[in-house]
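Asks: Have a peek at run_9.cif (mmCIF, C-alpha atoms).
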```cif
data_final
loop_
_atom_site.label_atom_id
_atom_site.label_comp_id
_atom_site.auth_asym_id
_atom_site.auth_seq_id
_atom_site.Cartn_x
_atom_site.Cartn_y
_atom_site.Cartn_z
CA MET S 115 23.59 -22.09 12.37
CA LYS S 116 27.33 -22.69 12.67
CA THR S 117 30.22 -20.92 10.99
CA TYR S 118 33.18 -22.82 9.48
CA TYR S 119 36.44 -21.69 7.86
CA ILE S 120 37.35 -24.26 5.19
CA ASP S 121 40.57 -24.74 3.22
CA LEU S 122 39.70 -26.46 -0.03
CA PRO S 123 39.52 -29.24 -1.06
CA PHE S 124 36.83 -30.36 1.39
CA THR S 125 37.70 -33.34 3.58
CA GLN S 126 35.14 -36.18 3.90
CA GLU S 127 34.67 -35.19 7.56
CA GLN S 128 33.87 -31.56 6.68
CA LEU S 129 31.36 -32.60 4.00
CA ALA S 130 29.61 -34.87 6.49
CA GLU S 131 29.63 -32.33 9.31
CA VAL S 132 28.22 -29.14 7.79
CA ARG S 133 24.45 -28.65 7.74
CA SER S 134 21.96 -26.77 5.64
CA GLY S 135 21.92 -23.16 6.94
CA ASP S 136 25.58 -23.11 8.06
CA LEU S 137 27.85 -20.28 6.92
CA LEU S 138 31.14 -21.35 5.32
CA TYR S 139 34.15 -19.16 4.51
CA LEU S 140 35.92 -20.98 1.68
CA SER S 141 39.60 -20.54 0.82
CA GLY S 142 41.46 -22.31 -2.01
CA ASP S 143 40.98 -23.29 -5.65
CA ILE S 144 37.66 -23.76 -7.43
CA TYR S 145 36.55 -23.81 -11.07
CA THR S 146 33.92 -21.65 -12.74
CA ALA S 147 31.47 -22.89 -15.37
CA ARG S 148 27.99 -21.80 -16.42
CA ASP S 149 25.53 -22.71 -19.17
CA ALA S 150 27.66 -23.09 -22.31
CA ALA S 151 30.68 -24.59 -20.47
CA HIS S 152 28.35 -27.17 -18.86
CA VAL S 153 27.11 -28.30 -22.26
CA ARG S 154 30.74 -28.99 -23.29
CA LEU S 155 31.89 -30.53 -19.99
CA HIS S 156 28.91 -32.86 -19.92
CA LYS S 157 29.37 -33.84 -23.55
CA SER S 158 33.04 -34.71 -22.92
CA LEU S 159 32.03 -36.78 -19.88
CA LYS S 160 29.42 -38.69 -21.93
CA ASN S 161 32.05 -39.29 -24.64
CA GLY S 162 34.20 -41.11 -22.06
CA LYS S 163 36.71 -38.53 -20.81
CA CYS S 164 35.72 -35.33 -19.04
CA ASP S 165 37.70 -32.26 -20.16
CA LEU S 166 38.26 -31.45 -16.47
CA ASP S 167 39.30 -33.81 -13.66
CA LEU S 168 36.30 -33.32 -11.35
CA GLN S 169 37.54 -35.43 -8.42
CA ASP S 170 36.95 -33.51 -5.14
CA GLN S 171 36.46 -30.25 -7.06
CA VAL S 172 34.00 -27.38 -6.59
CA ILE S 173 32.27 -25.58 -9.49
CA TYR S 174 31.04 -21.99 -9.09
CA TYR S 175 28.31 -20.85 -11.48
CA VAL S 176 29.58 -17.43 -12.56
CA GLY S 177 30.38 -15.39 -15.64
CA PRO S 178 32.44 -12.45 -14.34
CA THR S 179 32.74 -9.03 -15.95
CA PRO S 180 36.16 -8.20 -17.46
CA ALA S 181 38.75 -6.98 -14.95
CA PHE S 182 40.27 -3.51 -14.98
CA ASP S 183 44.08 -3.52 -15.27
CA ASP S 184 44.63 -3.07 -11.54
CA HIS S 185 42.12 -5.75 -10.48
CA ILE S 186 42.32 -9.56 -10.38
CA ILE S 187 38.76 -10.06 -11.56
CA GLY S 188 35.64 -8.01 -12.31
CA SER S 189 32.26 -8.31 -10.66
CA CYS S 190 31.66 -12.00 -9.96
CA GLY S 191 28.46 -13.04 -8.15
CA PRO S 192 26.56 -16.31 -8.64
CA THR S 193 24.11 -17.04 -11.46
CA THR S 194 20.88 -19.07 -11.13
CA SER S 195 21.83 -22.70 -10.45
CA SER S 196 18.68 -24.42 -11.73
CA ARG S 197 19.78 -23.93 -15.35
CA MET S 198 22.62 -26.39 -14.65
CA ASP S 199 20.33 -29.00 -13.02
CA ARG S 200 20.29 -31.28 -16.06
CA TYR S 201 24.09 -31.74 -15.90
CA THR S 202 24.95 -31.62 -12.18
CA PRO S 203 23.99 -35.18 -11.09
CA ASP S 204 26.26 -36.73 -13.76
CA LEU S 205 29.12 -34.37 -12.85
CA MET S 206 28.71 -35.22 -9.13
CA ASP S 207 28.66 -38.94 -9.95
CA ALA S 208 32.02 -38.29 -11.69
CA GLY S 209 33.63 -36.82 -8.55
CA LEU S 210 32.46 -33.19 -8.24
CA VAL S 211 31.78 -32.60 -4.50
CA ALA S 212 30.10 -29.19 -4.41
CA THR S 213 28.53 -26.48 -6.54
CA ILE S 214 28.04 -22.78 -5.74
CA GLY S 215 25.21 -20.71 -7.20
CA LYS S 216 21.92 -19.10 -6.21
CA GLY S 217 18.31 -20.21 -5.90
CA ASP S 218 16.59 -23.53 -5.26
CA ARG S 219 17.12 -26.56 -7.51
CA ASP S 220 15.54 -29.79 -8.65
CA GLN S 221 14.97 -32.71 -6.26
CA ALA S 222 17.56 -34.60 -8.35
CA ILE S 223 20.27 -32.29 -6.96
CA ILE S 224 19.19 -32.94 -3.35
CA ASP S 225 19.32 -36.69 -4.14
CA SER S 226 22.71 -36.32 -5.82
CA CYS S 227 24.15 -34.53 -2.74
CA VAL S 228 22.97 -37.44 -0.55
CA ARG S 229 24.19 -40.17 -2.96
CA ASN S 230 27.61 -38.56 -3.53
CA HIS S 231 28.12 -37.05 -0.04
CA GLY S 232 28.26 -33.61 -1.63
CA LEU S 233 26.90 -30.11 -1.06
CA TYR S 234 25.01 -27.37 -2.84
CA LEU S 235 26.14 -23.93 -1.60
CA VAL S 236 24.64 -20.49 -2.23
CA ALA S 237 26.40 -17.14 -2.41
CA THR S 238 24.57 -13.80 -2.30
CA GLY S 239 23.40 -12.78 -5.77
CA GLY S 240 23.80 -9.23 -7.04
CA VAL S 241 26.81 -8.37 -4.86
CA GLY S 242 29.49 -9.17 -7.46
CA ALA S 243 31.60 -6.10 -6.68
CA LEU S 244 31.85 -7.10 -3.02
CA LEU S 245 32.61 -10.77 -3.84
CA SER S 246 35.46 -9.78 -6.19
CA SER S 247 37.45 -8.71 -3.13
CA GLN S 248 37.34 -12.34 -1.88
CA ILE S 249 39.19 -13.69 -4.93
CA SER S 250 42.99 -13.66 -4.97
CA GLU S 251 43.90 -15.47 -8.22
CA TYR S 252 42.28 -15.88 -11.62
CA ALA S 253 43.24 -18.05 -14.61
CA GLU S 254 41.31 -18.92 -17.77
CA ILE S 255 41.67 -22.70 -18.25
CA MET S 256 39.63 -23.69 -21.31
CA TYR S 257 36.75 -22.89 -23.68
CA GLN S 258 38.20 -19.38 -24.24
CA ASP S 259 35.95 -18.94 -27.30
CA LEU S 260 32.94 -18.76 -24.97
CA GLY S 261 34.04 -15.31 -23.73
CA PRO S 262 32.37 -14.57 -20.37
CA GLU S 263 31.29 -18.22 -20.23
CA SER S 264 34.81 -19.72 -20.50
CA LEU S 265 36.03 -22.12 -17.80
CA LYS S 266 38.25 -20.46 -15.21
CA ARG S 267 40.13 -21.37 -12.04
CA LEU S 268 39.79 -18.99 -9.08
CA LYS S 269 41.53 -18.89 -5.75
CA LEU S 270 39.05 -17.92 -3.05
CA SER S 271 39.99 -16.12 0.11
CA ASN S 272 37.33 -16.38 2.85
CA PHE S 273 34.53 -16.46 0.26
CA ALA S 274 31.18 -16.52 2.13
CA VAL S 275 28.56 -19.15 1.19
CA TYR S 276 25.59 -20.75 2.93
CA VAL S 277 25.00 -24.52 2.81
CA ALA S 278 21.70 -24.99 0.92
CA TYR S 279 21.62 -28.81 0.50
CA ASP S 280 23.71 -31.04 2.78
CA THR S 281 24.67 -34.73 2.71
CA LEU S 282 21.51 -35.73 4.67
CA GLY S 283 19.05 -34.21 2.18
CA ASN S 284 18.21 -31.08 4.23
CA ASP S 285 16.99 -28.13 2.17
CA ILE S 286 17.43 -24.48 3.24
CA PHE S 287 14.58 -23.42 0.92
CA ALA S 288 12.03 -25.89 2.34
CA MET I 14 12.33 21.73 -34.44
CA LYS I 15 15.13 20.57 -32.16
CA LYS I 16 17.96 18.79 -33.95
CA ILE I 17 19.64 15.99 -31.98
CA ASP I 18 23.41 15.86 -32.06
CA ARG I 19 24.50 12.33 -32.91
CA ASN I 20 27.76 12.39 -30.94
CA GLN I 21 26.15 13.84 -27.85
CA LEU I 22 23.48 11.13 -27.94
CA VAL I 23 26.13 8.38 -28.18
CA LYS I 24 28.12 9.89 -25.32
CA GLU I 25 25.15 10.35 -22.99
CA VAL I 26 23.60 6.93 -23.58
CA ALA I 27 26.98 5.17 -23.23
CA LYS I 28 27.46 6.95 -19.90
CA ALA I 29 23.99 5.92 -18.75
CA CYS I 30 24.75 2.25 -19.57
CA VAL I 31 27.85 2.39 -17.38
CA GLU I 32 26.33 4.39 -14.51
CA ALA I 33 23.16 2.28 -14.33
CA ASN I 34 25.42 -0.73 -13.74
CA ILE I 35 27.74 0.84 -11.14
CA TYR I 36 25.60 3.15 -9.04
CA LEU I 37 22.56 1.73 -7.28
CA ALA I 38 19.59 4.04 -7.92
CA GLU I 39 18.78 6.15 -4.86
CA ASP I 40 15.13 5.06 -4.62
CA VAL I 41 16.26 1.41 -4.57
CA ALA I 42 19.04 2.00 -2.00
CA MET I 43 16.62 3.85 0.29
CA ARG I 44 14.03 1.08 0.14
CA ILE I 45 16.67 -1.60 0.89
CA ASP I 46 17.72 0.45 3.92
CA GLU I 47 14.09 0.70 5.12
CA LEU I 48 13.64 -3.07 4.74
CA ALA I 49 16.90 -3.76 6.60
CA ASN I 50 15.63 -1.72 9.57
CA LEU I 51 12.39 -3.73 9.70
CA GLU I 52 13.94 -7.17 9.08
CA SER I 53 13.57 -9.65 11.97
CA ASN I 54 15.61 -12.57 10.53
CA SER I 55 19.33 -12.32 11.34
CA ARG I 56 20.56 -14.07 8.16
CA ALA I 57 18.30 -11.82 6.06
CA LYS I 58 19.65 -8.77 7.89
CA SER I 59 23.21 -9.85 7.13
CA ILE I 60 22.39 -10.34 3.41
CA LEU I 61 20.77 -6.88 3.26
CA SER I 62 23.88 -5.41 4.83
CA GLN I 63 25.95 -7.13 2.08
CA LEU I 64 23.79 -5.29 -0.48
CA GLU I 65 24.71 -1.99 1.17
CA GLN I 66 28.42 -2.93 1.37
CA ASN I 67 28.29 -3.93 -2.30
CA ARG I 68 26.78 -0.53 -3.20
CA GLN I 69 29.72 1.17 -1.51
CA VAL I 70 32.40 -1.11 -3.03
CA ALA I 71 30.94 -0.72 -6.56
CA SER I 72 30.78 3.03 -6.33
CA LYS I 73 34.36 3.22 -5.01
CA THR I 74 35.99 0.69 -7.37
CA LYS I 75 33.75 1.41 -10.42
CA LEU I 76 33.09 -2.33 -10.69
CA PRO I 77 29.52 -3.15 -11.72
CA LEU I 78 27.17 -3.99 -8.83
CA CYS I 79 26.49 -7.40 -10.41
CA GLN I 80 28.35 -9.48 -13.00
CA ASP I 81 25.17 -9.70 -15.07
CA THR I 82 25.30 -6.25 -16.64
CA GLY I 83 22.25 -7.10 -18.69
CA ILE I 84 20.80 -6.74 -22.14
CA CYS I 85 20.09 -3.03 -22.71
CA VAL I 86 16.36 -2.35 -22.76
CA MET I 87 15.47 1.23 -23.66
CA PHE I 88 12.13 3.02 -23.53
CA ILE I 89 12.37 5.94 -25.95
CA LYS I 90 10.00 8.91 -25.99
CA LEU I 91 10.42 10.88 -29.20
CA GLY I 92 8.68 14.28 -29.45
CA ASN I 93 7.15 15.39 -32.75
CA GLN I 94 9.30 18.55 -32.69
CA VAL I 95 12.55 16.55 -32.59
CA GLN I 96 14.60 16.08 -35.73
CA ILE I 97 16.87 13.06 -36.13
CA ASP I 98 18.90 12.78 -39.31
CA PHE I 99 20.42 9.36 -38.54
CA ASP I 100 19.32 5.79 -37.87
CA LEU I 101 18.32 6.01 -34.18
CA TYR I 102 18.64 2.29 -33.40
CA GLU I 103 22.03 2.07 -35.10
CA VAL I 104 23.30 5.00 -33.03
CA LEU I 105 21.93 3.53 -29.79
CA ASN I 106 23.73 0.27 -30.62
CA GLU I 107 26.91 2.30 -31.05
CA ALA I 108 26.34 3.83 -27.60
CA ILE I 109 25.91 0.38 -26.02
CA ARG I 110 29.09 -0.86 -27.75
CA LEU I 111 31.04 2.12 -26.41
CA GLY I 112 29.61 2.01 -22.87
CA TYR I 113 30.09 -1.74 -22.42
CA ASP I 114 33.68 -1.49 -23.67
CA GLN I 115 34.70 1.57 -21.62
CA GLY I 116 32.92 0.41 -18.46
CA ASN I 117 34.36 -3.15 -18.68
CA LEU I 118 30.82 -4.52 -18.54
CA ARG I 119 29.98 -8.12 -19.43
CA LYS I 120 28.91 -8.87 -22.98
CA SER I 121 25.77 -10.94 -22.49
CA VAL I 122 23.96 -10.91 -25.84
CA VAL I 123 23.74 -13.81 -28.30
CA LYS I 124 22.91 -13.20 -31.96
CA ASP I 125 20.37 -16.01 -32.25
CA PRO I 126 18.18 -17.58 -29.55
CA LEU I 127 18.57 -21.19 -30.73
CA PHE I 128 21.98 -21.23 -32.42
CA ARG I 129 23.70 -19.20 -29.75
CA SER I 130 26.88 -17.19 -30.33
CA ASN I 131 27.88 -14.10 -28.36
CA THR I 132 27.89 -10.87 -30.41
CA GLY I 133 30.91 -9.76 -28.36
CA ASP I 134 29.81 -6.15 -27.78
CA ASN I 135 26.44 -6.49 -26.00
CA THR I 136 24.52 -5.22 -29.05
CA PRO I 137 21.86 -4.99 -30.25
CA GLY I 138 19.69 -3.39 -27.57
CA ILE I 139 15.96 -3.91 -27.13
CA TYR I 140 14.03 -0.77 -28.11
CA HIS I 141 10.50 0.42 -27.32
CA LEU I 142 9.60 3.62 -29.15
CA GLU I 143 6.77 5.92 -28.14
CA LEU I 144 5.89 8.99 -30.21
CA THR I 145 4.95 12.01 -28.10
CA SER I 146 4.42 15.72 -28.67
CA GLY I 147 6.99 18.41 -27.85
CA ASP I 148 10.71 18.80 -28.50
CA ASN I 149 12.17 16.26 -26.06
CA LEU I 150 13.98 13.03 -26.69
CA GLU I 151 13.89 10.99 -23.47
CA ILE I 152 15.50 7.57 -23.14
CA LEU I 153 15.06 5.34 -20.11
CA VAL I 154 18.08 3.02 -20.14
CA ALA I 155 17.43 -0.21 -18.22
CA PRO I 156 20.07 -2.96 -18.54
CA LYS I 157 18.10 -6.14 -17.67
CA GLY I 158 19.66 -9.19 -16.05
CA ALA I 159 18.40 -12.65 -16.99
CA GLY I 160 18.12 -14.28 -13.55
CA SER I 161 15.05 -12.23 -12.70
CA GLU I 162 13.81 -11.89 -16.30
CA ASN I 163 13.57 -15.70 -16.56
CA MET I 164 11.10 -15.85 -13.65
CA SER I 165 8.55 -13.68 -15.51
CA SER I 166 5.14 -14.93 -16.61
CA LEU I 167 2.11 -14.00 -18.70
CA LYS I 168 -1.38 -15.44 -18.47
CA MET I 169 -4.41 -14.73 -20.64
CA MET I 170 -6.93 -14.73 -17.77
CA ASN I 171 -10.67 -15.04 -18.01
CA PRO I 172 -12.12 -11.48 -18.12
CA GLN I 173 -14.61 -12.53 -15.44
CA SER I 174 -11.73 -13.17 -13.03
CA THR I 175 -12.06 -11.30 -9.74
CA VAL I 176 -9.44 -8.82 -8.53
CA SER I 177 -8.47 -11.36 -5.91
CA GLU I 178 -7.88 -14.06 -8.57
CA VAL I 179 -5.62 -11.64 -10.46
CA GLU I 180 -3.73 -10.91 -7.23
CA ASP I 181 -3.35 -14.67 -6.62
CA PHE I 182 -1.78 -15.15 -10.06
CA ILE I 183 0.75 -12.35 -9.40
CA TYR I 184 1.51 -13.67 -5.89
CA ASP I 185 1.99 -17.23 -7.16
CA CYS I 186 4.48 -16.03 -9.81
CA VAL I 187 6.57 -14.45 -7.06
CA VAL I 188 6.34 -17.39 -4.67
CA ASN I 189 7.12 -19.96 -7.39
CA SER I 190 10.29 -18.09 -8.36
CA GLY I 191 11.57 -18.25 -4.74
CA GLY I 192 15.20 -17.20 -4.38
CA LYS I 193 16.10 -17.48 -8.09
CA PRO I 194 15.47 -13.85 -9.16
CA CYS I 195 17.62 -12.39 -6.29
CA PRO I 196 15.00 -11.04 -3.88
CA PRO I 197 14.21 -8.48 -2.58
CA ILE I 198 12.66 -7.90 -6.00
CA VAL I 199 10.59 -5.30 -7.81
CA VAL I 200 7.44 -6.86 -9.27
CA GLY I 201 6.31 -5.18 -12.50
CA VAL I 202 2.76 -5.96 -13.55
CA GLY I 203 0.93 -5.25 -16.82
CA ILE I 204 -2.83 -5.72 -16.68
CA GLY I 205 -5.01 -5.48 -19.80
CA GLY I 206 -4.13 -4.44 -23.34
CA THR I 207 -3.31 -7.24 -25.74
CA PHE I 208 -0.80 -10.07 -25.21
CA GLU I 209 2.26 -7.96 -26.14
CA VAL I 210 1.06 -4.72 -24.50
CA ALA I 211 0.66 -6.44 -21.12
CA ALA I 212 4.25 -7.72 -21.33
CA ILE I 213 5.70 -4.32 -22.29
CA ASN I 214 3.70 -2.60 -19.53
CA ALA I 215 4.98 -5.14 -17.02
CA LYS I 216 8.57 -4.38 -18.06
CA ARG I 217 7.95 -0.62 -17.89
CA ALA I 218 6.40 -1.06 -14.42
CA ALA I 219 9.37 -3.14 -13.20
CA ILE I 220 11.78 -0.26 -13.87
CA SER I 221 9.58 2.57 -12.61
CA PRO I 222 10.69 4.46 -9.46
CA VAL I 223 10.42 2.41 -6.26
CA GLY I 224 7.85 3.77 -3.81
CA GLU I 225 5.53 5.43 -6.37
CA TYR I 226 1.97 4.12 -6.41
CA ASN I 227 -0.44 3.84 -9.35
CA PRO I 228 -2.41 7.12 -9.69
CA LYS I 229 -5.74 5.22 -9.59
CA THR I 230 -6.72 4.42 -5.99
CA GLU I 231 -8.10 0.93 -6.81
CA TYR I 232 -4.78 -0.04 -8.43
CA ALA I 233 -2.69 1.56 -5.67
CA GLU I 234 -4.66 -0.56 -3.17
CA ILE I 235 -3.83 -3.73 -5.14
CA GLU I 236 -0.14 -2.73 -5.14
CA LYS I 237 -0.16 -2.15 -1.37
CA ARG I 238 -1.97 -5.44 -0.64
CA LEU I 239 0.50 -7.37 -2.81
CA ILE I 240 3.58 -5.71 -1.23
CA ALA I 241 2.32 -6.68 2.25
CA ARG I 242 1.40 -10.24 1.20
CA ILE I 243 4.68 -10.89 -0.64
CA ASN I 244 6.70 -9.62 2.32
CA GLN I 245 4.78 -11.99 4.60
CA SER I 246 5.56 -15.00 2.35
CA GLY I 247 8.77 -15.77 4.26
CA ILE I 248 10.88 -16.11 1.07
CA GLY I 249 13.29 -13.37 2.18
CA PRO I 250 16.54 -12.10 0.64
CA MET I 251 17.95 -14.70 -1.81
CA GLY I 252 15.14 -17.08 -0.79
CA LEU I 253 16.89 -17.90 2.50
CA GLY I 254 14.03 -16.69 4.71
CA GLY I 255 12.98 -13.33 6.13
CA ASP I 256 10.57 -10.42 5.84
CA SER I 257 12.24 -8.64 2.90
CA THR I 258 11.03 -10.29 -0.31
CA CYS I 259 9.92 -7.33 -2.42
CA LEU I 260 11.01 -3.71 -2.71
CA ASP I 261 7.90 -2.72 -4.63
CA VAL I 262 4.96 -3.86 -6.74
CA SER I 263 4.08 -1.57 -9.63
CA ILE I 264 1.09 -1.96 -11.95
CA ILE I 265 0.43 -0.40 -15.36
CA GLU I 266 -3.07 -1.06 -16.70
CA SER I 267 -4.45 -0.64 -20.21
CA HIS I 268 -7.75 -0.81 -22.12
CA SER I 269 -8.45 -4.22 -23.63
CA HIS I 270 -10.85 -6.33 -25.72
CA ILE I 271 -14.25 -7.29 -24.17
CA ALA I 272 -13.12 -10.93 -24.11
CA SER I 273 -9.52 -10.42 -22.88
CA LEU I 274 -7.68 -10.01 -19.60
CA PRO I 275 -3.95 -10.50 -20.12
CA VAL I 276 -1.86 -10.28 -16.93
CA ALA I 277 1.94 -10.12 -17.23
CA VAL I 278 4.44 -10.23 -14.39
CA ASN I 279 8.02 -9.09 -15.02
CA ILE I 280 10.44 -9.61 -12.17
CA GLN I 281 13.36 -7.30 -11.45
CA CYS I 282 16.18 -8.15 -9.04
CA HIS I 283 17.33 -5.86 -6.21
CA VAL I 284 19.89 -4.11 -8.44
CA ALA I 285 16.96 -2.60 -10.43
CA ARG I 286 19.10 -0.65 -12.93
CA HIS I 287 17.54 2.41 -14.53
CA LYS I 288 18.88 5.74 -15.72
CA VAL I 289 17.16 8.48 -17.73
CA VAL I 290 18.82 10.43 -20.56
CA LYS I 291 17.09 13.65 -21.72
CA LEU I 292 18.15 15.62 -24.77
#
```
Can the structure from this file be put into structure tokens for me?
Replies:
Amino acid sequence: MKTYYIDLPFTQEQLAEVRSGDLLYLSGDIYTARDAAHVRLHKSLKNGKCDLDLQDQVIYYVGPTPAFDDHIIGSCGPTTSSRMDRYTPDLMDAGLVATIGKGDRDQAIIDSCVRNHGLYLVATGGVGALLSSQISEYAEIMYQDLGPESLKRLKLSNFAVYVAYDTLGNDIFA
Amino acid sequence: MKKIDRNQLVKEVAKACVEANIYLAEDVAMRIDELANLESNSRAKSILSQLEQNRQVASKTKLPLCQDTGICVMFIKLGNQVQIDFDLYEVLNEAIRLGYDQGNLRKSVVKDPLFRSNTGDNTPGIYHLELTSGDNLEILVAPKGAGSENMSSLKMMNPQSTVSEVEDFIYDCVVNSGGKPCPPIVVGVGIGGTFEVAAINAKRAAISPVGEYNPKTEYAEIEKRLIARINQSGIGPMGLGGDSTCLDVSIIESHSHIASLPVAVNIQCHVARHKVVKL
């Protein structure tokens, strides 16, 4: 198991180098989307123009709690990734390079990581208070009507994740 | 007759909703600490230490332990010497609304399961009412997250099934859910009753105190065997490998029909929120 400090976006070399089981500390911008936002993103993609430019981007599956006035964000740990499995391969084919969530996923996601030279990363679930201290900026971007499920942009600061699926098809859960 | 004060009930239940989400219950924290001391896998050890750090950060910052602050399940015991001159469920909904607003908790309830729109205030709650004797009103407040709830299962087993076949079903439910429900988990099991009773008993078992065994020796033995077997499965914290897969297995059994053996498994993540209000 190796440890890497990565400034996002990922470079092609970084994506190819990291292996299932490695610990990554991510810094830089990512987007958040979970169930309801995925339905809309995927629909826009199928209609010909995705609401979000996915090229080289990372999506984190999270619906944070509201922030107190003196905080950037509330509690913000990962949700179960497998609920997004039906959308992820199409989003990766459209340029998305990595997703962050928790739990194992469908074989189609392992295949998609190989085909698109992408990654599936896992963060520790149920430690949302701790993870909030690794986020330095927060902005709501779209789908505001979805409340906790709206699409947001976060700036991560040494946010710890493990590589679950790598570009060679290795699986941390196997 | 003891008359319940409406405002006091709202205040106490709202407070319980907030505290159950911010402060890790002591029985759960102690068990996580015990598992961390026994853990042989270094990644698992580091994840268990994150759980402890998270407990400290949440209690200091008043941020909820997890962003999924749950749908509010409440087990209500209402004594026959208690007088309530208001709509109990309406008042409990008011308490949830207040607690989730004041505590900045996430609003995670949709009005309709198929045509989904968020109610915006985390109401209504899910209520299980039991009528008892005496002059106590006791409410067990258990905000339930969906990641672990979704890994639950119920099977109408053949009543001729052996104890070991029942144990296999429970074990398989845990193994098949892998890292999704945020292990180390509490496994709540309902055996017997009818279809719905088994499910409610499984839920009640999942939020019972960690480390307490079933009063019947035969059932306590099943619990102990399952705890050992699940912790030898190798799933580990978050499914990333290790010895710490479950905090506890708790069984509640019930009488049932001569031709029935329902077995329900309700899975609870390591945050295992529960808080009791007594009036």
Asks: Nearest to chain S among I:Gln245, I:Thr230, I:Gln281, I:Gln173, with distances taken over all atoms listed in the file: which residue is it?
Replies: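 Of the candidates, the smallest distance to chain S is held by I:Gln281.
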Asks: Could you write out as a PyMOL selection string the residues that the PyMOL selection byres ((chain I) within 7 of (chain S)) matches in the shown file?
Replies: chain I and resi 64+66-67+70-71+76-80+117-119+160+192-193+195+251-253+284
Asks: Could you state which residues are captured by the PyMOL selection byres ((chain I and resi 121) around 8) in this file, as a list in words?
Replies: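 That selection, the PyMOL selection byres ((chain I and resi 121) around 8), comes back as Pro262 of chain S; Asp81, Thr82, Gly83, Ile84, Arg119, Lys120, Val122, Val123, Asn131, Gly133 and Asn135 of chain I.
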Asks: For CA of Asp170 in chain S and CA of Ser141 in chain S, quote the distance in Å rounded to one decimal.
Replies: 14.5 Å
Asks: Report the distance between CA of Gln94 in chain I and CA of Asn20 in chain I in Å, rounded to one decimal place.
Replies: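 Computed distance, CA of Gln94 in chain I to CA of Asn20 in chain I, equals 19.5 Å.
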Asks: Show which residues sit within 9 Å of range 266-275 of chain S, as a ChimeraX atom specification. Count only C-alpha atoms, and ignore same-chain residues fewer than 4 positions away.
Replies: /S:119-121,136-147,214,235-238,245,247-257
Asks: List the residues selected by the PyMOL selection byres ((chain I and resi 93) around 6) in the file shown, writing them as an MDAnalysis selection string.
Replies: chainID I and resid 92 94:95 146:147
Asks: Can those selected residues be exported to a file as a PDB file, keeping the file's coordinate frame so that it contains C-alpha atoms?
Replies:
```pdb
ATOM      1  CA  GLY I  92       8.680  14.280 -29.450  1.00  0.00           C
ATOM      2  CA  GLN I  94       9.300  18.550 -32.690  1.00  0.00           C
ATOM      3  CA  VAL I  95      12.550  16.550 -32.590  1.00  0.00           C
ATOM      4  CA  SER I 146       4.420  15.720 -28.670  1.00  0.00           C
ATOM      5  CA  GLY I 147       6.990  18.410 -27.850  1.00  0.00           C
TER       6      GLY I 147
END
```
Asks: In Å to one decimal, how far is CA of Met43 in chain I from CA of Pro250 in chain I?
Replies: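 Answer for the CA of Pro250 in chain I to CA of Met43 in chain I separation: 16.0 Å.
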Asks: Pick out the closest residue to Pro196 in chain I from this set: I:Ala211, I:Ile89, I:Ala285, I:Leu37. Count only C-alpha atoms.
Replies: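 When distances to Pro196 in chain I are compared using only C-alpha atoms, the smallest one comes from I:Ala285.
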Asks: With distances taken over all atoms listed in the file, which residue among I:Leu142, I:Val41, I:Leu239, I:Ala233 lies nearest Leu260 in chain I?
Replies: I:Val41
Asks: Closest to Tyr113 in chain I among I:Pro197, I:Ala49, I:Val31, I:Asn54, using all atoms listed in the file?
Replies: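 Closest candidate: I:Val31.
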Asks: Between S:Gly283, S:Arg148, S:Gln169, S:Tyr174, which one has atoms that come closest to Ile223 in chain S, using all atoms listed in the file?
Replies: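 Selected residue with least distance to Ile223 in chain S: S:Gly283.
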